[in-house]
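Shown next: entry-v5.pdb, given as PDB, C-alpha atoms.
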```pdb
ATOM      1  CA  MET A   7    -178.870 -52.743  -8.310  1.00  0.00           C
ATOM      2  CA  THR A   8    -179.416 -52.412  -4.579  1.00  0.00           C
ATOM      3  CA  PHE A   9    -181.923 -50.031  -3.050  1.00  0.00           C
ATOM      4  CA  SER A  10    -180.831 -47.138  -0.842  1.00  0.00           C
ATOM      5  CA  LEU A  11    -182.760 -44.579   1.169  1.00  0.00           C
ATOM      6  CA  PRO A  12    -182.454 -41.078  -0.316  1.00  0.00           C
ATOM      7  CA  ASP A  13    -182.133 -38.041   1.900  1.00  0.00           C
ATOM      8  CA  LEU A  14    -185.255 -35.906   2.077  1.00  0.00           C
ATOM      9  CA  PRO A  15    -184.925 -32.902  -0.266  1.00  0.00           C
ATOM     10  CA  TYR A  16    -185.943 -30.611   2.645  1.00  0.00           C
ATOM     11  CA  ALA A  17    -185.807 -30.595   6.454  1.00  0.00           C
ATOM     12  CA  HIS A  18    -188.166 -32.875   8.396  1.00  0.00           C
ATOM     13  CA  ASP A  19    -190.133 -29.848   9.633  1.00  0.00           C
ATOM     14  CA  ALA A  20    -190.243 -28.038   6.262  1.00  0.00           C
ATOM     15  CA  LEU A  21    -193.743 -29.205   5.224  1.00  0.00           C
ATOM     16  CA  GLN A  22    -195.530 -28.068   8.381  1.00  0.00           C
ATOM     17  CA  PRO A  23    -198.364 -27.441   9.111  1.00  0.00           C
ATOM     18  CA  TYR A  24    -199.608 -29.761   6.345  1.00  0.00           C
ATOM     19  CA  MET A  25    -197.244 -32.647   7.127  1.00  0.00           C
ATOM     20  CA  SER A  26    -195.541 -32.738  10.509  1.00  0.00           C
ATOM     21  CA  LYS A  27    -191.941 -33.406  11.439  1.00  0.00           C
ATOM     22  CA  GLU A  28    -193.131 -36.494  13.359  1.00  0.00           C
ATOM     23  CA  THR A  29    -194.898 -37.897  10.281  1.00  0.00           C
ATOM     24  CA  LEU A  30    -191.789 -37.461   8.120  1.00  0.00           C
ATOM     25  CA  GLU A  31    -189.556 -39.012  10.787  1.00  0.00           C
ATOM     26  CA  TYR A  32    -191.768 -42.111  10.840  1.00  0.00           C
ATOM     27  CA  HIS A  33    -192.649 -42.191   7.160  1.00  0.00           C
ATOM     28  CA  HIS A  34    -189.237 -41.505   5.616  1.00  0.00           C
ATOM     29  CA  ASP A  35    -186.795 -42.626   8.307  1.00  0.00           C
ATOM     30  CA  LYS A  36    -188.625 -45.808   9.339  1.00  0.00           C
ATOM     31  CA  HIS A  37    -191.252 -46.936   6.790  1.00  0.00           C
ATOM     32  CA  HIS A  38    -189.282 -46.131   3.635  1.00  0.00           C
ATOM     33  CA  LEU A  39    -186.113 -47.524   5.200  1.00  0.00           C
ATOM     34  CA  ALA A  40    -187.950 -50.801   5.925  1.00  0.00           C
ATOM     35  CA  TYR A  41    -188.950 -51.110   2.241  1.00  0.00           C
ATOM     36  CA  VAL A  42    -185.299 -50.547   1.282  1.00  0.00           C
ATOM     37  CA  ASN A  43    -183.938 -53.116   3.718  1.00  0.00           C
ATOM     38  CA  ASN A  44    -186.609 -55.742   3.018  1.00  0.00           C
ATOM     39  CA  GLY A  45    -186.313 -55.166  -0.727  1.00  0.00           C
ATOM     40  CA  ASN A  46    -182.549 -55.638  -0.660  1.00  0.00           C
ATOM     41  CA  ASN A  47    -182.887 -58.894   1.305  1.00  0.00           C
ATOM     42  CA  LEU A  48    -185.515 -60.245  -1.107  1.00  0.00           C
ATOM     43  CA  LEU A  49    -183.505 -59.153  -4.146  1.00  0.00           C
ATOM     44  CA  LYS A  50    -180.477 -61.246  -3.140  1.00  0.00           C
ATOM     45  CA  GLY A  51    -180.285 -64.407  -5.208  1.00  0.00           C
ATOM     46  CA  SER A  52    -183.459 -63.578  -7.184  1.00  0.00           C
ATOM     47  CA  GLU A  53    -183.709 -63.409 -10.970  1.00  0.00           C
ATOM     48  CA  PHE A  54    -184.032 -59.628 -10.674  1.00  0.00           C
ATOM     49  CA  GLU A  55    -180.624 -59.015  -9.100  1.00  0.00           C
ATOM     50  CA  GLY A  56    -178.685 -56.453 -11.142  1.00  0.00           C
ATOM     51  CA  LYS A  57    -181.759 -55.083 -12.945  1.00  0.00           C
ATOM     52  CA  SER A  58    -182.988 -51.473 -12.783  1.00  0.00           C
ATOM     53  CA  LEU A  59    -185.649 -50.539 -10.221  1.00  0.00           C
ATOM     54  CA  GLU A  60    -188.316 -50.133 -12.934  1.00  0.00           C
ATOM     55  CA  GLU A  61    -187.454 -53.567 -14.350  1.00  0.00           C
ATOM     56  CA  ILE A  62    -187.649 -55.089 -10.859  1.00  0.00           C
ATOM     57  CA  VAL A  63    -191.043 -53.486 -10.168  1.00  0.00           C
ATOM     58  CA  LYS A  64    -192.547 -54.507 -13.518  1.00  0.00           C
ATOM     59  CA  GLY A  65    -190.946 -57.951 -13.550  1.00  0.00           C
ATOM     60  CA  SER A  66    -191.926 -58.946 -10.003  1.00  0.00           C
ATOM     61  CA  PHE A  67    -195.546 -57.734 -10.290  1.00  0.00           C
ATOM     62  CA  GLY A  68    -197.844 -60.747 -10.018  1.00  0.00           C
ATOM     63  CA  LYS A  69    -194.861 -63.129  -9.722  1.00  0.00           C
ATOM     64  CA  ASN A  70    -192.955 -62.317  -6.525  1.00  0.00           C
ATOM     65  CA  ALA A  71    -195.297 -60.565  -4.086  1.00  0.00           C
ATOM     66  CA  GLY A  72    -192.768 -59.930  -1.315  1.00  0.00           C
ATOM     67  CA  LEU A  73    -190.202 -58.365  -3.608  1.00  0.00           C
ATOM     68  CA  PHE A  74    -192.836 -56.436  -5.548  1.00  0.00           C
ATOM     69  CA  ASN A  75    -194.421 -54.944  -2.410  1.00  0.00           C
ATOM     70  CA  ASN A  76    -191.098 -53.584  -1.157  1.00  0.00           C
ATOM     71  CA  ALA A  77    -189.619 -52.579  -4.541  1.00  0.00           C
ATOM     72  CA  GLY A  78    -192.941 -50.996  -5.563  1.00  0.00           C
ATOM     73  CA  GLN A  79    -193.141 -48.967  -2.375  1.00  0.00           C
ATOM     74  CA  HIS A  80    -189.486 -47.922  -2.695  1.00  0.00           C
ATOM     75  CA  TYR A  81    -190.158 -46.787  -6.281  1.00  0.00           C
ATOM     76  CA  ASN A  82    -193.288 -44.863  -5.245  1.00  0.00           C
ATOM     77  CA  HIS A  83    -191.576 -43.146  -2.325  1.00  0.00           C
ATOM     78  CA  LEU A  84    -188.502 -42.071  -4.318  1.00  0.00           C
ATOM     79  CA  HIS A  85    -190.869 -39.790  -6.237  1.00  0.00           C
ATOM     80  CA  PHE A  86    -193.221 -39.036  -3.347  1.00  0.00           C
ATOM     81  CA  TRP A  87    -190.637 -36.976  -1.439  1.00  0.00           C
ATOM     82  CA  LYS A  88    -189.876 -34.966  -4.611  1.00  0.00           C
ATOM     83  CA  TRP A  89    -193.565 -34.458  -5.396  1.00  0.00           C
ATOM     84  CA  MET A  90    -193.742 -32.228  -2.312  1.00  0.00           C
ATOM     85  CA  LYS A  91    -191.946 -29.037  -1.369  1.00  0.00           C
ATOM     86  CA  PRO A  92    -192.159 -26.326   1.287  1.00  0.00           C
ATOM     87  CA  ASN A  93    -194.760 -23.732   0.251  1.00  0.00           C
ATOM     88  CA  GLY A  94    -196.030 -26.117  -2.419  1.00  0.00           C
ATOM     89  CA  GLY A  95    -199.204 -25.876  -4.439  1.00  0.00           C
ATOM     90  CA  GLY A  96    -199.702 -22.585  -6.214  1.00  0.00           C
ATOM     91  CA  LYS A  97    -199.313 -21.945  -9.926  1.00  0.00           C
ATOM     92  CA  ILE A  98    -199.006 -24.873 -12.312  1.00  0.00           C
ATOM     93  CA  PRO A  99    -196.459 -24.409 -15.148  1.00  0.00           C
ATOM     94  CA  GLY A 100    -198.099 -23.443 -18.467  1.00  0.00           C
ATOM     95  CA  ALA A 101    -197.806 -26.555 -20.645  1.00  0.00           C
ATOM     96  CA  LEU A 102    -198.871 -28.834 -17.780  1.00  0.00           C
ATOM     97  CA  GLU A 103    -201.779 -26.559 -16.863  1.00  0.00           C
ATOM     98  CA  LYS A 104    -202.980 -26.601 -20.475  1.00  0.00           C
ATOM     99  CA  ALA A 105    -202.803 -30.420 -20.577  1.00  0.00           C
ATOM    100  CA  ILE A 106    -204.765 -30.621 -17.300  1.00  0.00           C
ATOM    101  CA  VAL A 107    -207.459 -28.257 -18.599  1.00  0.00           C
ATOM    102  CA  ASP A 108    -207.621 -30.253 -21.880  1.00  0.00           C
ATOM    103  CA  ALA A 109    -208.083 -33.479 -19.928  1.00  0.00           C
ATOM    104  CA  PHE A 110    -210.396 -32.382 -17.103  1.00  0.00           C
ATOM    105  CA  GLY A 111    -211.979 -29.111 -18.236  1.00  0.00           C
ATOM    106  CA  SER A 112    -210.378 -27.126 -15.399  1.00  0.00           C
ATOM    107  CA  VAL A 113    -207.683 -27.328 -12.735  1.00  0.00           C
ATOM    108  CA  ASP A 114    -210.412 -27.387 -10.071  1.00  0.00           C
ATOM    109  CA  LYS A 115    -212.027 -30.449 -11.669  1.00  0.00           C
ATOM    110  CA  MET A 116    -208.655 -32.215 -11.785  1.00  0.00           C
ATOM    111  CA  LYS A 117    -208.170 -31.513  -8.063  1.00  0.00           C
ATOM    112  CA  GLU A 118    -211.675 -32.735  -7.296  1.00  0.00           C
ATOM    113  CA  ASP A 119    -211.137 -35.992  -9.245  1.00  0.00           C
ATOM    114  CA  PHE A 120    -207.674 -36.498  -7.716  1.00  0.00           C
ATOM    115  CA  ILE A 121    -209.009 -36.028  -4.165  1.00  0.00           C
ATOM    116  CA  GLN A 122    -211.942 -38.347  -4.887  1.00  0.00           C
ATOM    117  CA  ALA A 123    -209.573 -41.080  -6.109  1.00  0.00           C
ATOM    118  CA  GLY A 124    -207.655 -40.853  -2.816  1.00  0.00           C
ATOM    119  CA  VAL A 125    -210.765 -40.802  -0.651  1.00  0.00           C
ATOM    120  CA  THR A 126    -212.314 -43.808  -2.421  1.00  0.00           C
ATOM    121  CA  GLN A 127    -209.166 -45.991  -2.454  1.00  0.00           C
ATOM    122  CA  PHE A 128    -210.286 -48.703  -0.039  1.00  0.00           C
ATOM    123  CA  GLY A 129    -207.619 -49.559   2.526  1.00  0.00           C
ATOM    124  CA  SER A 130    -203.963 -48.811   1.853  1.00  0.00           C
ATOM    125  CA  GLY A 131    -202.800 -47.470  -1.495  1.00  0.00           C
ATOM    126  CA  TRP A 132    -202.104 -44.440  -3.645  1.00  0.00           C
ATOM    127  CA  HIS A 133    -203.923 -41.995  -5.908  1.00  0.00           C
ATOM    128  CA  TRP A 134    -202.354 -40.557  -9.013  1.00  0.00           C
ATOM    129  CA  LEU A 135    -202.222 -38.247 -11.960  1.00  0.00           C
ATOM    130  CA  ALA A 136    -200.812 -40.346 -14.785  1.00  0.00           C
ATOM    131  CA  VAL A 137    -200.252 -40.102 -18.513  1.00  0.00           C
ATOM    132  CA  GLN A 138    -201.901 -42.810 -20.567  1.00  0.00           C
ATOM    133  CA  ASN A 139    -202.160 -42.655 -24.360  1.00  0.00           C
ATOM    134  CA  GLY A 140    -200.869 -39.075 -24.254  1.00  0.00           C
ATOM    135  CA  LYS A 141    -203.623 -37.862 -21.895  1.00  0.00           C
ATOM    136  CA  ILE A 142    -203.583 -37.049 -18.173  1.00  0.00           C
ATOM    137  CA  ILE A 143    -205.915 -39.237 -16.110  1.00  0.00           C
ATOM    138  CA  THR A 144    -206.549 -39.911 -12.414  1.00  0.00           C
ATOM    139  CA  MET A 145    -205.963 -43.402 -11.055  1.00  0.00           C
ATOM    140  CA  LYS A 146    -205.958 -45.191  -7.717  1.00  0.00           C
ATOM    141  CA  THR A 147    -204.045 -48.350  -6.858  1.00  0.00           C
ATOM    142  CA  PRO A 148    -203.922 -50.673  -3.833  1.00  0.00           C
ATOM    143  CA  ASN A 149    -200.880 -51.206  -1.612  1.00  0.00           C
ATOM    144  CA  GLY A 150    -197.587 -50.687  -3.526  1.00  0.00           C
ATOM    145  CA  GLU A 151    -199.013 -50.763  -7.049  1.00  0.00           C
ATOM    146  CA  SER A 152    -198.517 -47.774  -9.334  1.00  0.00           C
ATOM    147  CA  PRO A 153    -199.457 -46.705 -12.880  1.00  0.00           C
ATOM    148  CA  LEU A 154    -196.118 -48.246 -13.965  1.00  0.00           C
ATOM    149  CA  VAL A 155    -197.598 -51.758 -13.741  1.00  0.00           C
ATOM    150  CA  HIS A 156    -200.843 -50.709 -15.430  1.00  0.00           C
ATOM    151  CA  GLY A 157    -199.458 -49.299 -18.679  1.00  0.00           C
ATOM    152  CA  ALA A 158    -199.322 -45.657 -17.611  1.00  0.00           C
ATOM    153  CA  LYS A 159    -196.698 -43.178 -16.383  1.00  0.00           C
ATOM    154  CA  ALA A 160    -197.209 -41.511 -13.001  1.00  0.00           C
ATOM    155  CA  ILE A 161    -196.634 -37.766 -12.943  1.00  0.00           C
ATOM    156  CA  LEU A 162    -198.018 -37.185  -9.418  1.00  0.00           C
ATOM    157  CA  GLY A 163    -198.847 -39.600  -6.623  1.00  0.00           C
ATOM    158  CA  ASN A 164    -200.035 -39.310  -3.043  1.00  0.00           C
ATOM    159  CA  ASP A 165    -199.653 -42.005  -0.412  1.00  0.00           C
ATOM    160  CA  VAL A 166    -202.911 -42.832   1.390  1.00  0.00           C
ATOM    161  CA  TRP A 167    -201.522 -45.540   3.649  1.00  0.00           C
ATOM    162  CA  GLU A 168    -202.493 -44.519   7.187  1.00  0.00           C
ATOM    163  CA  HIS A 169    -198.859 -43.960   8.217  1.00  0.00           C
ATOM    164  CA  SER A 170    -198.778 -41.089   5.724  1.00  0.00           C
ATOM    165  CA  TYR A 171    -201.459 -39.039   7.456  1.00  0.00           C
ATOM    166  CA  TYR A 172    -202.777 -40.530  10.709  1.00  0.00           C
ATOM    167  CA  ILE A 173    -200.503 -38.554  13.059  1.00  0.00           C
ATOM    168  CA  ASP A 174    -201.636 -35.259  11.491  1.00  0.00           C
ATOM    169  CA  TYR A 175    -205.188 -35.936  10.318  1.00  0.00           C
ATOM    170  CA  ARG A 176    -206.331 -39.034  12.257  1.00  0.00           C
ATOM    171  CA  ASN A 177    -209.156 -40.577  10.188  1.00  0.00           C
ATOM    172  CA  LEU A 178    -209.764 -37.471   8.040  1.00  0.00           C
ATOM    173  CA  ARG A 179    -208.275 -38.767   4.799  1.00  0.00           C
ATOM    174  CA  PRO A 180    -210.257 -36.257   2.634  1.00  0.00           C
ATOM    175  CA  LYS A 181    -208.690 -33.345   4.559  1.00  0.00           C
ATOM    176  CA  TYR A 182    -205.206 -34.832   4.014  1.00  0.00           C
ATOM    177  CA  CYS A 183    -205.802 -35.314   0.268  1.00  0.00           C
ATOM    178  CA  GLU A 184    -206.994 -31.699  -0.016  1.00  0.00           C
ATOM    179  CA  ALA A 185    -203.976 -30.388   1.904  1.00  0.00           C
ATOM    180  CA  PHE A 186    -201.634 -32.402  -0.336  1.00  0.00           C
ATOM    181  CA  ILE A 187    -202.975 -31.166  -3.695  1.00  0.00           C
ATOM    182  CA  ASN A 188    -203.474 -27.549  -2.543  1.00  0.00           C
ATOM    183  CA  ASN A 189    -200.454 -26.922  -0.317  1.00  0.00           C
ATOM    184  CA  LEU A 190    -197.712 -29.509  -0.794  1.00  0.00           C
ATOM    185  CA  VAL A 191    -197.328 -30.354  -4.489  1.00  0.00           C
ATOM    186  CA  ASN A 192    -194.101 -29.407  -6.254  1.00  0.00           C
ATOM    187  CA  TRP A 193    -195.696 -28.605  -9.630  1.00  0.00           C
ATOM    188  CA  GLU A 194    -192.313 -27.901 -11.247  1.00  0.00           C
ATOM    189  CA  TYR A 195    -191.277 -31.507 -10.606  1.00  0.00           C
ATOM    190  CA  VAL A 196    -194.640 -32.772 -11.883  1.00  0.00           C
ATOM    191  CA  ALA A 197    -194.166 -30.691 -15.063  1.00  0.00           C
ATOM    192  CA  GLU A 198    -190.670 -32.140 -15.525  1.00  0.00           C
ATOM    193  CA  ILE A 199    -191.995 -35.724 -15.356  1.00  0.00           C
ATOM    194  CA  TYR A 200    -194.953 -34.825 -17.577  1.00  0.00           C
ATOM    195  CA  ASP A 201    -192.621 -33.422 -20.261  1.00  0.00           C
ATOM    196  CA  ALA A 202    -190.471 -36.566 -20.124  1.00  0.00           C
ATOM    197  CA  ALA A 203    -193.563 -38.813 -20.307  1.00  0.00           C
ATOM    198  CA  ILE A 204    -194.900 -36.999 -23.387  1.00  0.00           C
ATOM    199  CA  LYS A 205    -191.511 -37.066 -25.134  1.00  0.00           C
ATOM    200  CA  SER A 206    -191.024 -40.790 -24.505  1.00  0.00           C
ATOM    201  CA  ALA A 207    -194.585 -41.715 -25.554  1.00  0.00           C
TER     202      ALA A 207
END
```

Structure re-expressed in structure tokens:
Amino acid sequence: MTFSLPDLPYAHDALQPYMSKETLEYHHDKHHLAYVNNGNNLLKGSEFEGKSLEEIVKGSFGKNAGLFNNAGQHYNHLHFWKWMKPNGGGKIPGALEKAIVDAFGSVDKMKEDFIQAGVTQFGSGWHWLAVQNGKIITMKTPNGESPLVHGAKAILGNDVWEHSYYIDYRNLRPKYCEAFINNLVNWEYVAEIYDAAIKSA
């Protein structure tokens, strides 16, 4: 399969004031497009040609760094745009909220742990809510890695590469992580992935 850049599921200015039009123009239109183009070039003639994106990401991890970095980032960003929505945050759907409370004790504690994972990810990377062994956990990964290559299923991820937040927040990564979890998350989409992860476990 070849990679292609999806359209954003909302207008470039729809996530303001928490994520600016300028950030989305750079992040989606330029950075994500570069992962797509580089990934397609590296895929040509490789053993992974014709495989699904998940197979490419898992198969190239630790074996083909160039392909993995671009395929991994493409995979992460396909979900990243859907993990956000205008007027996001707010109420978490019932079954997901119950699973979060079971795992963390409260929604507030989950948010605190999620933010902390993003703040403490050294350099470029991501922080996550993931399902592992039927339970929701927080994780952080460097560069283009994701829970997919560490035996878990991502249900929510936030990009803490500087291009994701520097225009809007400069060096204030904690403020960006807080804005993401409180004001941008599309919890309905997270719940959908959570349900699928539990059913396929």

Fill in: Contact residues around Ala123 of chain A with only C-alpha atoms at 8 Å, ignoring same-chain residues under 2 positions, as a list in words
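Skipping anything fewer than 2 positions along the chain leaves Asp119, Phe120, Ile121, Val125, Thr126, Gln127, His133, Trp134, Thr144, Met145 and Lys146 of chain A.
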
Please expand the PyMOL selection byres ((chain A and resi 109) around 8) into the concrete residues it hits in this file, giving the result as a compact mmCIF listing (two decimals) with C-alpha atoms, in the coordinates of the input.
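Produced file expr-v2.txt, reproduced below:
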```txt
# COMPACT_ATOMS: atom_id res chain seq x y z
CA ALA A 105 -202.80 -30.42 -20.58
CA ILE A 106 -204.76 -30.62 -17.30
CA VAL A 107 -207.46 -28.26 -18.60
CA ASP A 108 -207.62 -30.25 -21.88
CA PHE A 110 -210.40 -32.38 -17.10
CA GLY A 111 -211.98 -29.11 -18.24
CA LYS A 141 -203.62 -37.86 -21.90
CA ILE A 142 -203.58 -37.05 -18.17
CA ILE A 143 -205.92 -39.24 -16.11
```

At a cut-off of 8 Å, can you tabulate as CSV every residue of segment 87-130 of chain A near segment 18-21 of chain A together with its closest atom pair and the distance in Å to one decimal, using all atoms listed in the file and ordering rows by chain then number?
```
residue,atom,partner,partner_atom,distance
A:Lys91,CA,A:Leu21,CA,6.8
A:Pro92,CA,A:Leu21,CA,5.1
A:Asn93,CA,A:Leu21,CA,7.5
```

Fill in: Result set, the PyMOL selection byres ((chain A and resi 206) around 12) on current file, as a list in words
Val137, Gln138, Asn139, Gly140, Ala158, Lys159, Ile199, Tyr200, Asp201, Ala202, Ala203, Ile204, Lys205 and Ala207 of chain A

Discussion item. With the PyMOL selection byres ((chain A and resi 194) around 12) as the selection, what would be picked from this file? Answer as JSON, numbers by chain, please.
Written reply: {"A": [88, 89, 90, 91, 94, 95, 96, 97, 98, 99, 100, 101, 102, 103, 161, 162, 190, 191, 192, 193, 195, 196, 197, 198, 199, 200, 201]}

Would you write out those residues with C-alpha atoms, as a PDB file, in the frame of the given file?
```pdb
ATOM      1  CA  LYS A  88    -189.876 -34.966  -4.611  1.00  0.00           C
ATOM      2  CA  TRP A  89    -193.565 -34.458  -5.396  1.00  0.00           C
ATOM      3  CA  MET A  90    -193.742 -32.228  -2.312  1.00  0.00           C
ATOM      4  CA  LYS A  91    -191.946 -29.037  -1.369  1.00  0.00           C
ATOM      5  CA  GLY A  94    -196.030 -26.117  -2.419  1.00  0.00           C
ATOM      6  CA  GLY A  95    -199.204 -25.876  -4.439  1.00  0.00           C
ATOM      7  CA  GLY A  96    -199.702 -22.585  -6.214  1.00  0.00           C
ATOM      8  CA  LYS A  97    -199.313 -21.945  -9.926  1.00  0.00           C
ATOM      9  CA  ILE A  98    -199.006 -24.873 -12.312  1.00  0.00           C
ATOM     10  CA  PRO A  99    -196.459 -24.409 -15.148  1.00  0.00           C
ATOM     11  CA  GLY A 100    -198.099 -23.443 -18.467  1.00  0.00           C
ATOM     12  CA  ALA A 101    -197.806 -26.555 -20.645  1.00  0.00           C
ATOM     13  CA  LEU A 102    -198.871 -28.834 -17.780  1.00  0.00           C
ATOM     14  CA  GLU A 103    -201.779 -26.559 -16.863  1.00  0.00           C
ATOM     15  CA  ILE A 161    -196.634 -37.766 -12.943  1.00  0.00           C
ATOM     16  CA  LEU A 162    -198.018 -37.185  -9.418  1.00  0.00           C
ATOM     17  CA  LEU A 190    -197.712 -29.509  -0.794  1.00  0.00           C
ATOM     18  CA  VAL A 191    -197.328 -30.354  -4.489  1.00  0.00           C
ATOM     19  CA  ASN A 192    -194.101 -29.407  -6.254  1.00  0.00           C
ATOM     20  CA  TRP A 193    -195.696 -28.605  -9.630  1.00  0.00           C
ATOM     21  CA  TYR A 195    -191.277 -31.507 -10.606  1.00  0.00           C
ATOM     22  CA  VAL A 196    -194.640 -32.772 -11.883  1.00  0.00           C
ATOM     23  CA  ALA A 197    -194.166 -30.691 -15.063  1.00  0.00           C
ATOM     24  CA  GLU A 198    -190.670 -32.140 -15.525  1.00  0.00           C
ATOM     25  CA  ILE A 199    -191.995 -35.724 -15.356  1.00  0.00           C
ATOM     26  CA  TYR A 200    -194.953 -34.825 -17.577  1.00  0.00           C
ATOM     27  CA  ASP A 201    -192.621 -33.422 -20.261  1.00  0.00           C
TER      28      ASP A 201
END
```

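Minimum atom-to-atom distances from A:Gln79, A:Ser58, A:Asn188, A:Asn177 to Met116 of chain A were compared using only C-alpha atoms, and the lowest value belongs to A:Asn188.
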
Given 3 Å on each side, where is the centre and what are the edge lengths in Å to one decimal of the axis-aligned box enclosing the listed atoms of segment 87-91 of chain A, as JSON?
```
{"center_x": -191.8, "center_y": -33.0, "center_z": -3.4, "size_x": 9.9, "size_y": 13.9, "size_z": 10.0}
```

Discussion item. I need every residue sitting at most 10 Å from the point (-181.2, -51.4, -3.0) (coordinates as in the file, all atoms listed in the file considered), written as JSON, numbers by chain.
Written reply: {"A": [7, 8, 9, 10, 11, 41, 42, 43, 44, 45, 46, 47, 49, 50, 55, 56, 58, 59, 77, 80]}

Just want the 12 Å neighbourhood of Thr147 of chain A, counted on only C-alpha atoms, with same-chain residues fewer than 6 positions away dropped. Output as a PDB file with C-alpha atoms, in the frame of the given file.
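Dumped to selection_29.pdb:
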```pdb
ATOM      1  CA  GLY A  78    -192.941 -50.996  -5.563  1.00  0.00           C
ATOM      2  CA  GLN A  79    -193.141 -48.967  -2.375  1.00  0.00           C
ATOM      3  CA  ASN A  82    -193.288 -44.863  -5.245  1.00  0.00           C
ATOM      4  CA  ALA A 123    -209.573 -41.080  -6.109  1.00  0.00           C
ATOM      5  CA  GLY A 124    -207.655 -40.853  -2.816  1.00  0.00           C
ATOM      6  CA  VAL A 125    -210.765 -40.802  -0.651  1.00  0.00           C
ATOM      7  CA  THR A 126    -212.314 -43.808  -2.421  1.00  0.00           C
ATOM      8  CA  GLN A 127    -209.166 -45.991  -2.454  1.00  0.00           C
ATOM      9  CA  PHE A 128    -210.286 -48.703  -0.039  1.00  0.00           C
ATOM     10  CA  GLY A 129    -207.619 -49.559   2.526  1.00  0.00           C
ATOM     11  CA  SER A 130    -203.963 -48.811   1.853  1.00  0.00           C
ATOM     12  CA  GLY A 131    -202.800 -47.470  -1.495  1.00  0.00           C
ATOM     13  CA  TRP A 132    -202.104 -44.440  -3.645  1.00  0.00           C
ATOM     14  CA  HIS A 133    -203.923 -41.995  -5.908  1.00  0.00           C
ATOM     15  CA  TRP A 134    -202.354 -40.557  -9.013  1.00  0.00           C
ATOM     16  CA  LEU A 135    -202.222 -38.247 -11.960  1.00  0.00           C
ATOM     17  CA  ALA A 136    -200.812 -40.346 -14.785  1.00  0.00           C
ATOM     18  CA  PRO A 153    -199.457 -46.705 -12.880  1.00  0.00           C
ATOM     19  CA  LEU A 154    -196.118 -48.246 -13.965  1.00  0.00           C
ATOM     20  CA  VAL A 155    -197.598 -51.758 -13.741  1.00  0.00           C
ATOM     21  CA  HIS A 156    -200.843 -50.709 -15.430  1.00  0.00           C
ATOM     22  CA  ALA A 160    -197.209 -41.511 -13.001  1.00  0.00           C
ATOM     23  CA  GLY A 163    -198.847 -39.600  -6.623  1.00  0.00           C
ATOM     24  CA  ASN A 164    -200.035 -39.310  -3.043  1.00  0.00           C
ATOM     25  CA  ASP A 165    -199.653 -42.005  -0.412  1.00  0.00           C
ATOM     26  CA  VAL A 166    -202.911 -42.832   1.390  1.00  0.00           C
ATOM     27  CA  TRP A 167    -201.522 -45.540   3.649  1.00  0.00           C
TER      28      TRP A 167
END
```

Fill in: Residue among A:Asp35, A:Asp13, A:Glu151, A:Glu118 lying closest to Tyr81 of chain A, counting all atoms listed in the file
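Of the candidates, the smallest distance to Tyr81 of chain A is held by A:Glu151.
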
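Here atom CA of Leu73 of chain A is placed at a distance of 21.5 Å from atom CA of Trp87 of chain A.
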
Practice prompt. For atom CA of Leu39 of chain A and atom CA of Tyr171 of chain A, determine how far apart the two atoms are, in Å to one decimal place.
Written response: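 Atom-to-atom, atom CA of Leu39 of chain A and atom CA of Tyr171 of chain A are spaced 17.7 Å apart.
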
Practice prompt. Just give me the gap between atom CA of Lys27 of chain A and atom CA of Pro180 of chain A in Å, one decimal is fine.
Written response: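 If I compute the distance from atom CA of Lys27 of chain A to atom CA of Pro180 of chain A, I get 20.5 Å.
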